[in-house]
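Q: This is the structure, below, for whatever I ask next.
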Amino acid sequence: MHKKKIQIGFLTLLWLVNPVFSGCNDTTKAFSFDERDMLELMYDINETDWTIETEEGFFLVDFSLQQSSGDQASVQPFFDILGSAHACGERSFIAEAEACLDVSMLMLEGTVTITEQEDMSVVIENMPLEGSMEIYGLDLNNAEVYLQHSDGDIYLSSGDGMNFTLNSVEW
């Protein structure tokens with residue numbers, strides 16, 4: 001009987017300590033950024049003159065992005081296993097393994113135009129895009145943008161939450 005009480009006590013303690021079972025209920029944490037900050041990053045992407053080098057040469061990439069309205073965006077983020085949270089104040093928290101991960105997601109839509117840098121010939125003009133900006137954690141010290149169009153994917157990342165790098169463009 002005593003052994004059974006110890007086992008029940010141990011399992012109860014394990015359940016209380018493990019966030020996979022108990023969820024992420026630490027209300028002392030607060031996000032240091034909001035939707036406006038994420039939108040500002042989106043505007044910065046739109047205003048930046050992007051250049052990418054491929055085997056065919058150098059190309060200029062011009063984005064015209066905006067926040068998606070409602071459920072229009074059908075793109076699945078590359079890290080869909082992590083789930084999602086909306087950046088408008090209602091944020092979801094997910095338990096993965098033995099720790100909680102705070103994720104903010106801003107759904108994006110827009111267009112991309114790709115121009116060959118040497119002769120300024122337009123390769124792709126106003127190709128529709130859908131995607132998301134994702135920030136992991138409570139602070140805006142990182143960001144990733146995943147965009148998809150009918151012919152490929154585009155990936156941008158920021159290690160400081162301010163300056164993006166155009167990592168890949170497929171077309």
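How things are named: the first chain in the structure tokens is A, the next is B, and so on; residues count from 1 in each chain; ligands count from 1 in the order shown.
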If you count only C-alpha atoms, which residues fall within 10 Å of stretch 124-128 of chain A, apart from same-chain ones fewer than 4 positions away, as a list in words?
A: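 Answer for this query is Val61, Asp62, Phe63, Ser64, Leu65, Glu109, Gly110, Thr111, Val112, Thr113, Ile114, Thr115, Glu116, Leu147, Gln148, His149, Ser150, Asp151 and Trp171 of chain A.
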Q: Could you turn the residues from that selection into a file that holds C-alpha atoms, as a JSON list (two decimals), in the first residue's frame?
A:
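The result, stored in selection07.json:
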[["chain", "number", "residue", "atom", "x", "y", "z"],
["A", 61, "VAL", "CA", 13.80, 40.59, -56.31],
["A", 62, "ASP", "CA", 11.03, 43.05, -55.46],
["A", 63, "PHE", "CA", 8.33, 42.21, -52.91],
["A", 64, "SER", "CA", 4.93, 43.78, -52.40],
["A", 65, "LEU", "CA", 3.60, 42.12, -49.24],
["A", 109, "GLU", "CA", 0.13, 37.67, -49.11],
["A", 110, "GLY", "CA", 1.33, 39.76, -52.02],
["A", 111, "THR", "CA", 3.43, 39.59, -55.15],
["A", 112, "VAL", "CA", 7.04, 39.20, -56.23],
["A", 113, "THR", "CA", 8.75, 40.55, -59.34],
["A", 114, "ILE", "CA", 12.11, 39.11, -60.41],
["A", 115, "THR", "CA", 14.29, 41.00, -62.88],
["A", 116, "GLU", "CA", 17.60, 39.98, -64.45],
["A", 147, "LEU", "CA", 6.61, 32.52, -48.97],
["A", 148, "GLN", "CA", 5.22, 30.26, -51.67],
["A", 149, "HIS", "CA", 4.17, 30.88, -55.25],
["A", 150, "SER", "CA", 3.04, 28.53, -57.99],
["A", 151, "ASP", "CA", 6.61, 27.77, -59.13],
["A", 171, "TRP", "CA", 11.24, 29.90, -59.70]]
Q: Got a sec: who's within 10 Å of A:Ser158, counting only C-alpha atoms, leaving out chain neighbours fewer than 3 positions off, as a list in words?
A: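 Final neighbour list, sorted by chain and number: Leu41, Ile135, Leu140, Asn141, Asn142, Ala143, Glu144, Val145, Gly161, Met162, Asn163, Phe164, Thr165, Leu166 and Asn167 of chain A.
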Q: Using only C-alpha atoms for the distances, tell me which of A:Glu56, A:Asp139, A:Asp119, A:Glu130 is nearest to A:Val103.
A: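 Ranked by minimum distance to A:Val103, first place goes to A:Asp139.
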Q: Do you have the atom CA of A:Tyr43-atom CA of A:Glu55 distance handy?
A: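 Atom-to-atom, atom CA of A:Tyr43 and atom CA of A:Glu55 are spaced 29.3 Å apart.
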Q: Do you have the atom CA of A:Thr51-atom CA of A:Ser168 distance handy?
A: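 Atom-to-atom, atom CA of A:Thr51 to atom CA of A:Ser168, that is 10.6 Å.
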Q: Using only C-alpha atoms, which residue out of A:Gln66, A:Leu101, A:Ser132, A:Leu138 lies closest to A:Ala30?
A: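 When distances to A:Ala30 are compared using only C-alpha atoms, the smallest one comes from A:Leu138.
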